[in-house]
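Engineer: Below you'll find the structure I mean.
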Amino acid sequence: MADGPDVRAGRLSPAEYERNFADAHPPLTAQQAMVEAARCLFCYDAPCIEACPTGIDIPRFIRGIQTGNLRGAAETILEANIMGGTCARVCPTDVLCEGACVRLAEGKKPVEIGALQRHAVDWLFERGIQPFSRGAPTGERIAVVGAGPAGLACAHALARLGHEVVVFEKRAKAGGLNEYGIAAYKMVEDFAQREVAFILAIGGIELRTGIELGRDVTLSELRRDFAAVFLGLGLQGVHALGLEGERLSGVIDAVAYIERLRQAKDLATLPVGRRVVVIGGGNTAIDIAVQTKRLGAETVTIVYRRGPESMSATPHEQEWAKSNGVLIRHWARPVAIEGAQGHVRAVTFERTRLDGQGRLEGTGERFTLEADQLFKAIGQKLVPSAFNGTAELLDVEGGKIVVDAERRTTLDRVWAGGDCIASSVDLTVAAVEDGKLAAASIHRYLMGG
Amino acid sequence: MADLRCAIAGVKAPNPFWLASAPPTDKEYNVVRAFKAGWGGVVWKTLGEDPPVVNTSSRYGAVHYRGHRMMGFNNIELISDRPLDVNLQEIKKVKRDWPDRALLVSLMVPCTEDSWKRILKKVEETEADGVELNFGCPHGMSERGMGSAVGQVPEYIEMVVRWCKAATRMPVFVKLTPNVTNILAPARAAKAGGADAVSLINTINSVMGVDLDTMAPLPSVHGKGAHGGYCGPAVKPIALCMVGEIARDPECRGLPISGIGGIETWRDAAEFIAMGAGSIQVCTAAMHYGFKIVEDMISGLSNWMDSKGYRTLEDVRGRAVPNYVDWGQLDMNYVVKARIDQDKCIQCGLCHIACEDTSHQSIRAIKENGSRRYEVIEEECVGCNLCAHVCPVEGCISMVEIPTGLPYTTWAEDPRNPQRIAKAAE
């Protein structure tokens with residue numbers, strides 16, 4: 001056993017799993033929410049609204065919390081962002097609304113906008129209140145491909161306007177990354193599914209799961225059968241390291257592992273290495289690192305090829321990883337994966353630096369980290385064959401679908417949004433906005449406006 | 001170290017911080033705890049005739065403001081509900097054990113001379129330092145012809161004070177109700193009757209809110225609510241005004257004042273003293289935080305006096321009174337304008353929207369490349385102070401005096417006053 005891989009399931013006691021995967025940021029109590037809400041200055045032309053991709057009227061909803069108008073607060077949020085509940089849990093608020101809070105300019109802590117938003121939306125959900133209803137039927141049918149945040153936001157907005165929507169989803173459940181990709185401790189108690197149910201409850205949205213674009217249905221069929229098509233495909237491909245040894249067992253795609261973790265009925269069934277190495281610098285890298293640590297890995301090391309300021313994981317997320325005992329090593333890139341008996345054993349890195357032109361270069365200096373598991377978290381990519389397998393082509397740039405400001409693709413009657421479009425910033429909140437904008441544009445188009 | 005000893009109407013205390021007649025001074029146990037904590041004096045909760053009153057369950061109401069508890073407070077409690085003899089025995093014992101502290105006894109009996117004579121004789125035997133006639137309590141007792149029912153009729157005040165002064169050698173303080181149109185009438189009546197001092201304000205008629213589920217006014221007793229007496233930080237401005245009115249009134253000249261109303265800190269106390277109070281009385285703050293607050297009150301007042309070079313309370317007392325004038329004596333040529341310190345500005349925009357929506361449209365909102373800037377339009381600014389008040393950043397907006405070179409001119413003298421012009425034309 002001395003040199004063999006140490007990968008085991010069930011490293012922890014049931015109580016430890018429960019503790020490690022409980023709500024990372026427990027909700028505010030009513031009293032805490034009142035105190036926090038009182039810190040909002042009710043700014044004029046508030047910078048936080050501008051910093052929110054969906055433009056939630058934040059001072060207004062916080063005032064609702066202050067005055068005990070929780071329903072009004074929740075409606076204000078959901079009106080702008082139907083996934084306000086998820087966004088309250090997963091948004092990098094430190095670089096969005098809270099990062100713009102004027103309290104920071106005052107040298108104080110920003111108002112905890114995310115926590116307050118969660119307070120208001122949870123209040124509504126707990127009471128089963130449905131504030132939205134379908135508009136008068138227009139007779140128009142629209143296809144939405146992908147039941148992630150962009151697709152569901154688009155479908156909901158269209159249903160409100162009276163259109164009929166069919167959502168095609170290749171997986172068994174709707175929710176997209178909310179259901180399959182976000183770290184478990186951010187989305188406890190099956191929140192993604194509760195939110196999906198809330199969104200579908202408006203009526204007029206038919207969800208067809210297990211249907212994959214390009215396999216079960218083609219874009220030309222959708223264009224033939226529906227008045228408009230919205231593509232919220234996400235990114236289904238994974239970048240490769242391009243190293244020998246990448247096919248060794250124990251070299252794992254982080255996204256796939258997180259999906260497995262999110263769907264696991266019992267976390268004790270998930271095998272986790274004693275020594276875990278993660279390659280990448282985004283939120284997926286943070287999420288896989290922290291979750292494997294919390295599954296019982298002894299050491300978890302993230303290795304990133306540039307400095308902390310270049311990581312797409314926010315400073316807050318980087319801190320979160322460190323406070324969970326994850327070591328982040330910067331300025332190194334993988335150059336070799338070593339294996340034994342078909343399983344990863346160690347990863348060798350070369351130190352990096354910027355050359356005179358600001359380009360990354362290797363220094364030639366190397367170090368090796370022992371690894372029982374190596375997670376790749378170096379980004380995902382679009383699989384264009386899904387929609388461009390037919391005669392109709394829509395423009396793709398830098399591996400993503402080109403859209404205009406209204407989220408129209410270059411193909412007539414086809415809109416797109418979420419991670420699959422070129423302007424994407426890989427945030428749930430941005431995907432929701434894409435869906436919202438596309439729905440408005442589709443409606444204008446269909447109504448001849 | 002400043003000398004905080006106070007003497008008012010012959011009553012001496014090591015400091016001016018007294019507890020007002022209220023639940024905190026209801027019995028020996030509380031009063032001894034207060035004296036141990038450092039309070040300079042107490043006014044024992046109001047004694048009445050036996051049999052003692054009976055109180056309701058559910059007695060206090062409160063206004064909480066944006067997360068701050070008890071900005072305002074009220075009660076529907078009556079006077080002491082303990083037997084008179086028990087109170088008198090405890091008062092005697094406490095005064096004997098704590099001879100250096102001021103101990104006044106608050107009294108409220110039916111409006112007959114005999115009733116007042118009888119109770120004063122009993123209080124005298126306790127060797128208390130004085131009495132305070134409770135003509136202020138606005139709830140409950142007033143329905144029985146006592147408390148503010150007396151305090152709202154200057155003739156009754158004068159009559160009862162006369163009876164009391166004739167019946168006792170003890171200093172007589174008169175506690176006034178603010179539930180009157182003009183506080184000077186009861187104050188002058190007290191003085192005319194021979195009162196040694198006045199204490200004010202007592203609490204203000206109030207309903208703290210309405211329970212929107214039960215439709216009961218608050219605080220409610222079994223679904224019904226009666227008006228109570230309002231106090232706490234919210235009433236301080238009203239109390240300061242009334243204290244100032246009496247302090248500057250020529251007819252009340254020389255009448256000592258024990259200031260009451262929303263006093264929570266040494267700073268509040270200093271303001272009341274500057275407005276003419278010889279001692280101050282506290283209740284709500286003690287009920288909110290306990291007796292320990294007096295420590296900072298004593299040290300804060302002393303340190304402030306040292307920093308200003310005031311040696312005794314008499315050096316401070318009444319200093320603001322000459323500056324408390326009628327509107328007609330203000331300088332019409334004085335000009336201030338808002339100035340925003342751009343380095344301190346946090347771009348909340350509250351100054352702009354307050355001025356734009358509700359005042360003089362004199363703060364411009366400028367947005368360039370996503371950054372915000374708020375600028376005062378000096379020609380439009382009337383110097384109303386609103387922006388400085390709404391600004392959440394201390395010292396960011398200041399009201400700066402713009403020298404006009406014009407002399408101090410009251411409205412009566414102002415050329416813009418049509419009455420004045422008419423007069424000049426005569």
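Within each chain, counting starts at residue 1; across the structure tokens, chains are named A, B, ... in the order shown, with ligands numbered 1 upward in that order.
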Which neighbours of Val303 in chain A fall inside 7 Å, counting only C-alpha atoms, when residues of the same chain fewer than 2 positions from it are skipped, and could you give them as a PyMOL selection string?

Structural biologist: chain A and resi 278-280+301+305+328-330+332

Engineer: Residues of the last selection are to be written out with N, CA and C atoms, as a compact mmCIF listing (two decimals), in the first residue's frame.

Structural biologist:
```
# COMPACT_ATOMS: atom_id res chain seq x y z
N VAL A 278 -5.29 20.10 -7.73
CA VAL A 278 -6.26 20.71 -8.64
C VAL A 278 -5.51 21.67 -9.56
N ILE A 279 -5.79 21.59 -10.84
CA ILE A 279 -5.17 22.53 -11.77
C ILE A 279 -6.25 23.48 -12.29
N GLY A 280 -6.02 24.77 -12.10
CA GLY A 280 -6.99 25.75 -12.57
C GLY A 280 -7.03 26.95 -11.65
N THR A 301 -4.15 20.82 -2.99
CA THR A 301 -3.34 21.91 -3.51
C THR A 301 -3.88 22.35 -4.86
N ARG A 305 -1.32 28.80 -13.03
CA ARG A 305 -0.13 29.19 -13.81
C ARG A 305 0.25 30.66 -13.67
N ILE A 328 -2.99 27.19 -2.11
CA ILE A 328 -2.99 27.66 -3.50
C ILE A 328 -1.56 28.02 -3.88
N ARG A 329 -1.06 27.36 -4.92
CA ARG A 329 0.29 27.67 -5.42
C ARG A 329 0.17 28.36 -6.76
N HIS A 330 0.83 29.49 -6.89
CA HIS A 330 0.75 30.26 -8.13
C HIS A 330 2.01 30.08 -8.96
N ALA A 332 2.86 28.29 -11.72
CA ALA A 332 3.40 26.97 -12.10
C ALA A 332 2.40 26.29 -13.03
```

Engineer: Considering only C-alpha atoms, return as a PDB file with C-alpha atoms, in the first residue's frame whatever protein or nucleic-acid residues lie within 9 Å of Gln193 in chain A, sequence-local ones (same chain, fewer than 5 positions apart) excluded.

Structural biologist:
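Writing done, so here's selection-v2.pdb:
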```
ATOM      1  CA  LYS A 173     -33.396  17.270 -14.224  1.00  0.00           C
ATOM      2  CA  ALA A 174     -33.784  20.928 -15.009  1.00  0.00           C
ATOM      3  CA  GLY A 175     -31.634  23.573 -13.332  1.00  0.00           C
ATOM      4  CA  ASN A 178     -27.607  25.188 -10.308  1.00  0.00           C
ATOM      5  CA  GLU A 179     -28.482  21.515 -10.048  1.00  0.00           C
ATOM      6  CA  PHE A 198     -41.375  27.730  -8.636  1.00  0.00           C
TER       7      PHE A 198
END
```

Engineer: Which residue out of B:Gly228, B:Ile397, B:Cys348, B:Pro418 has the minimum interatomic distance to chain A when only C-alpha atoms are used?

Structural biologist: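 Ranking B:Gly228, B:Ile397, B:Cys348, B:Pro418 by distance to chain A, first place goes to B:Cys348.
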
Engineer: Where in range 173-259 of chain A does DSSP assign alpha helix (DSSP H), given as a list in words?

Structural biologist: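 Residues of range 173-259 of chain A classed as alpha helix (DSSP H): Leu177, Asn178, Glu179, Tyr180, Phe191, Ala192, Gln193, Arg194, Glu195, Val196, Ala197, Phe198, Ile199, Leu200, Leu219, Ser220, Glu221, Leu222, Arg223, Arg224, Asp225, Ala254, Val255, Ala256, Tyr257, Ile258 and Glu259 of chain A.
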
Engineer: Give one line per residue of range 5-91 of chain A that approaches range 368-377 of chain A to at most 10 Å, naming the two atoms of the closest pair and their distance in Å to one decimal, counting only C-alpha atoms; sort by chain then ascending residue number and deliver it as a Markdown table.

Structural biologist:
```
| residue | atom | partner | partner_atom | distance |
| --- | --- | --- | --- | --- |
| A:Pro5 | CA | A:Asp372 | CA | 5.2 |
| A:Asp6 | CA | A:Asp372 | CA | 5.8 |
| A:Val7 | CA | A:Asp372 | CA | 6.3 |
| A:Arg8 | CA | A:Asp372 | CA | 9.9 |
```

Engineer: Dump as a ChimeraX atom specification the residues of chain B that approach chain A to within 12 Å, counting only C-alpha atoms.

Structural biologist: /B:64-69,342-357,365-367,370-374,390-396

Engineer: Report the residues of range 98-264 of chain B whose backbone DSSP state falls under strand (DSSP E or B), written as number ranges by chain.

Structural biologist: B: 102-107, 130-134, 172-175, 197-200, 204-206, 209-211, 216-218, 221, 224, 228-231, 257-260

Engineer: Write the residues of the selection above to a file with N, CA and C atoms, as a CSV table (one decimal), in the first residue's frame.

Structural biologist:
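Wrote it out as selection_13.csv, contents follow:
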```csv
chain,number,residue,atom,x,y,z
B,102,ALA,N,-29.0,62.9,47.3
B,102,ALA,CA,-30.3,63.6,47.4
B,102,ALA,C,-31.4,62.5,47.3
B,103,LEU,N,-32.4,62.7,48.2
B,103,LEU,CA,-33.5,61.8,48.2
B,103,LEU,C,-34.8,62.6,48.3
B,104,LEU,N,-35.4,62.8,47.2
B,104,LEU,CA,-36.7,63.5,47.2
B,104,LEU,C,-37.8,62.4,47.1
B,105,VAL,N,-39.0,62.8,47.6
B,105,VAL,CA,-40.1,61.8,47.6
B,105,VAL,C,-41.2,62.4,46.7
B,106,SER,N,-41.6,61.7,45.7
B,106,SER,CA,-42.7,62.1,44.8
B,106,SER,C,-44.0,61.8,45.5
B,107,LEU,N,-44.9,62.7,45.4
B,107,LEU,CA,-46.2,62.6,46.0
B,107,LEU,C,-47.4,62.9,45.1
B,130,GLY,N,-36.6,66.4,50.4
B,130,GLY,CA,-37.6,67.2,49.9
B,130,GLY,C,-38.7,66.4,49.2
B,131,VAL,N,-39.7,67.1,48.7
B,131,VAL,CA,-40.7,66.4,48.0
B,131,VAL,C,-40.9,66.9,46.6
B,132,GLU,N,-41.5,66.1,45.8
B,132,GLU,CA,-41.7,66.5,44.4
B,132,GLU,C,-43.2,66.2,44.2
B,133,LEU,N,-44.0,67.3,43.9
B,133,LEU,CA,-45.4,67.1,43.7
B,133,LEU,C,-45.7,66.6,42.3
B,134,ASN,N,-46.2,65.4,42.2
B,134,ASN,CA,-46.4,64.8,40.8
B,134,ASN,C,-47.7,65.4,40.2
B,172,VAL,N,-40.0,72.1,48.2
B,172,VAL,CA,-41.1,71.5,47.4
B,172,VAL,C,-40.7,71.7,45.9
B,173,PHE,N,-40.5,70.6,45.2
B,173,PHE,CA,-40.3,70.6,43.8
B,173,PHE,C,-41.7,70.3,43.2
B,174,VAL,N,-42.0,70.9,42.0
B,174,VAL,CA,-43.2,70.7,41.3
B,174,VAL,C,-42.9,70.1,40.0
B,175,LYS,N,-43.4,68.8,39.8
B,175,LYS,CA,-43.2,68.2,38.5
B,175,LYS,C,-44.3,68.5,37.5
B,197,ALA,N,-38.7,74.6,43.4
B,197,ALA,CA,-38.1,74.3,42.1
B,197,ALA,C,-39.2,73.6,41.3
B,198,VAL,N,-38.9,73.5,40.0
B,198,VAL,CA,-39.8,72.7,39.1
B,198,VAL,C,-39.0,71.6,38.5
B,199,SER,N,-39.6,70.5,38.2
B,199,SER,CA,-39.0,69.4,37.5
B,199,SER,C,-39.8,69.1,36.2
B,200,LEU,N,-39.1,69.0,35.1
B,200,LEU,CA,-39.8,68.8,33.9
B,200,LEU,C,-38.8,68.2,32.8
B,204,ILE,N,-45.4,62.4,27.9
B,204,ILE,CA,-46.3,63.0,27.0
B,204,ILE,C,-47.4,62.0,26.6
B,205,ASN,N,-48.6,62.5,26.5
B,205,ASN,CA,-49.7,61.6,26.0
B,205,ASN,C,-49.3,60.9,24.7
B,206,SER,N,-49.5,59.6,24.7
B,206,SER,CA,-49.0,58.9,23.5
B,206,SER,C,-49.7,57.5,23.4
B,209,GLY,N,-48.5,52.8,19.0
B,209,GLY,CA,-48.8,52.2,17.7
B,209,GLY,C,-50.1,51.4,17.7
B,210,VAL,N,-50.4,50.8,16.7
B,210,VAL,CA,-51.6,50.0,16.6
B,210,VAL,C,-51.2,48.6,16.1
B,211,ASP,N,-51.6,47.6,16.9
B,211,ASP,CA,-51.4,46.2,16.4
B,211,ASP,C,-52.3,45.9,15.2
B,216,ALA,N,-55.5,46.6,18.2
B,216,ALA,CA,-55.4,47.2,19.5
B,216,ALA,C,-54.3,48.2,19.6
B,217,PRO,N,-54.6,49.4,20.1
B,217,PRO,CA,-53.6,50.4,20.4
B,217,PRO,C,-52.5,49.8,21.3
B,218,LEU,N,-51.3,50.3,21.2
B,218,LEU,CA,-50.2,49.7,22.0
B,218,LEU,C,-49.7,50.7,23.0
B,221,VAL,N,-53.8,46.0,26.6
B,221,VAL,CA,-54.2,45.1,27.8
B,221,VAL,C,-55.5,44.4,27.4
B,224,LYS,N,-57.3,46.0,24.4
B,224,LYS,CA,-57.6,47.4,24.5
B,224,LYS,C,-56.3,48.2,24.8
B,228,GLY,N,-50.6,56.4,27.1
B,228,GLY,CA,-49.6,56.3,28.1
B,228,GLY,C,-48.8,57.5,28.1
B,229,GLY,N,-47.7,57.5,28.9
B,229,GLY,CA,-46.8,58.6,29.0
B,229,GLY,C,-45.5,58.3,28.2
B,230,TYR,N,-45.2,59.2,27.2
B,230,TYR,CA,-44.1,59.0,26.3
B,230,TYR,C,-42.8,59.6,26.8
B,231,CYS,N,-41.7,58.9,26.7
B,231,CYS,CA,-40.4,59.4,27.2
B,231,CYS,C,-39.3,58.7,26.3
B,257,ILE,N,-34.5,74.5,38.3
B,257,ILE,CA,-35.1,73.5,37.4
B,257,ILE,C,-34.3,72.2,37.5
B,258,SER,N,-35.1,71.1,37.7
B,258,SER,CA,-34.5,69.8,37.5
B,258,SER,C,-34.9,69.3,36.2
B,259,GLY,N,-34.0,69.1,35.3
B,259,GLY,CA,-34.3,68.8,33.9
B,259,GLY,C,-34.5,67.3,33.7
B,260,ILE,N,-35.6,67.0,32.9
B,260,ILE,CA,-35.9,65.6,32.7
B,260,ILE,C,-36.4,65.5,31.2
```

Engineer: Find, counting only C-alpha atoms, the residue in B:Asn75, B:Asn323, B:Thr168, B:Asn369 that gets nearest to Ala247 in chain B.

Structural biologist: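 Closest residue, counting only C-alpha atoms: B:Asn323.
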
Engineer: Would you list the contacts of Lys322 in chain A as a compact mmCIF listing (two decimals) with C-alpha atoms, in the first residue's frame, taking every protein, DNA or RNA residue within 12 Å and counting only C-alpha atoms, but skipping same-chain residues closer than 2 positions in sequence?

Structural biologist:
```
# COMPACT_ATOMS: atom_id res chain seq x y z
CA ILE A 286 -12.08 26.43 -5.78
CA ASP A 287 -15.25 24.34 -5.63
CA ALA A 289 -10.70 21.82 -3.97
CA VAL A 290 -12.92 22.77 -1.05
CA LYS A 293 -11.13 18.71 1.35
CA THR A 299 -4.03 17.75 1.52
CA VAL A 300 -5.53 19.71 -1.34
CA THR A 301 -3.34 21.91 -3.51
CA ILE A 302 -4.55 24.21 -6.27
CA PRO A 315 -10.71 37.19 -3.91
CA HIS A 316 -13.53 36.10 -1.62
CA GLU A 317 -13.55 32.61 -3.16
CA GLN A 318 -9.76 32.38 -2.86
CA GLU A 319 -10.03 33.28 0.81
CA TRP A 320 -12.76 30.70 1.26
CA ASN A 324 -10.83 25.55 4.30
CA GLY A 325 -7.23 24.47 4.44
CA VAL A 326 -6.60 24.44 0.69
CA LEU A 327 -3.11 25.47 -0.40
CA ILE A 328 -2.99 27.66 -3.50
CA ARG A 329 0.29 27.67 -5.42
```

Engineer: Find the spatial neighbours of Gly254 in chain B, counting only C-alpha atoms, within a cut-off of 12 Å - ignore same-chain residues fewer than 6 positions away - and output them as number ranges by chain.

Structural biologist: B: 8-9, 187-188, 191, 194-198, 246-248, 276-278, 318

Engineer: Let me make sure I understand: among B:Leu88, B:Val153, B:Ala62, B:Val400, which one has the smallest atom-to-atom distance to Ser220 in chain B if we use only C-alpha atoms?

Structural biologist: B:Ala62

Engineer: Could you list, as a PyMOL selection string, every residue within 12 Å of Asp419 in chain A, counting only C-alpha atoms and ignoring same-chain residues fewer than 6 positions away?

Structural biologist: chain A and resi 146+148-151+176-177+231-237+379-383+399-402+425-435

Engineer: Select, from A:Tyr185, A:Phe61, A:Phe191, A:Tyr257, the residue with the minimum atom-to-atom distance to Pro26 in chain A, counting only C-alpha atoms.

Structural biologist: A:Tyr185
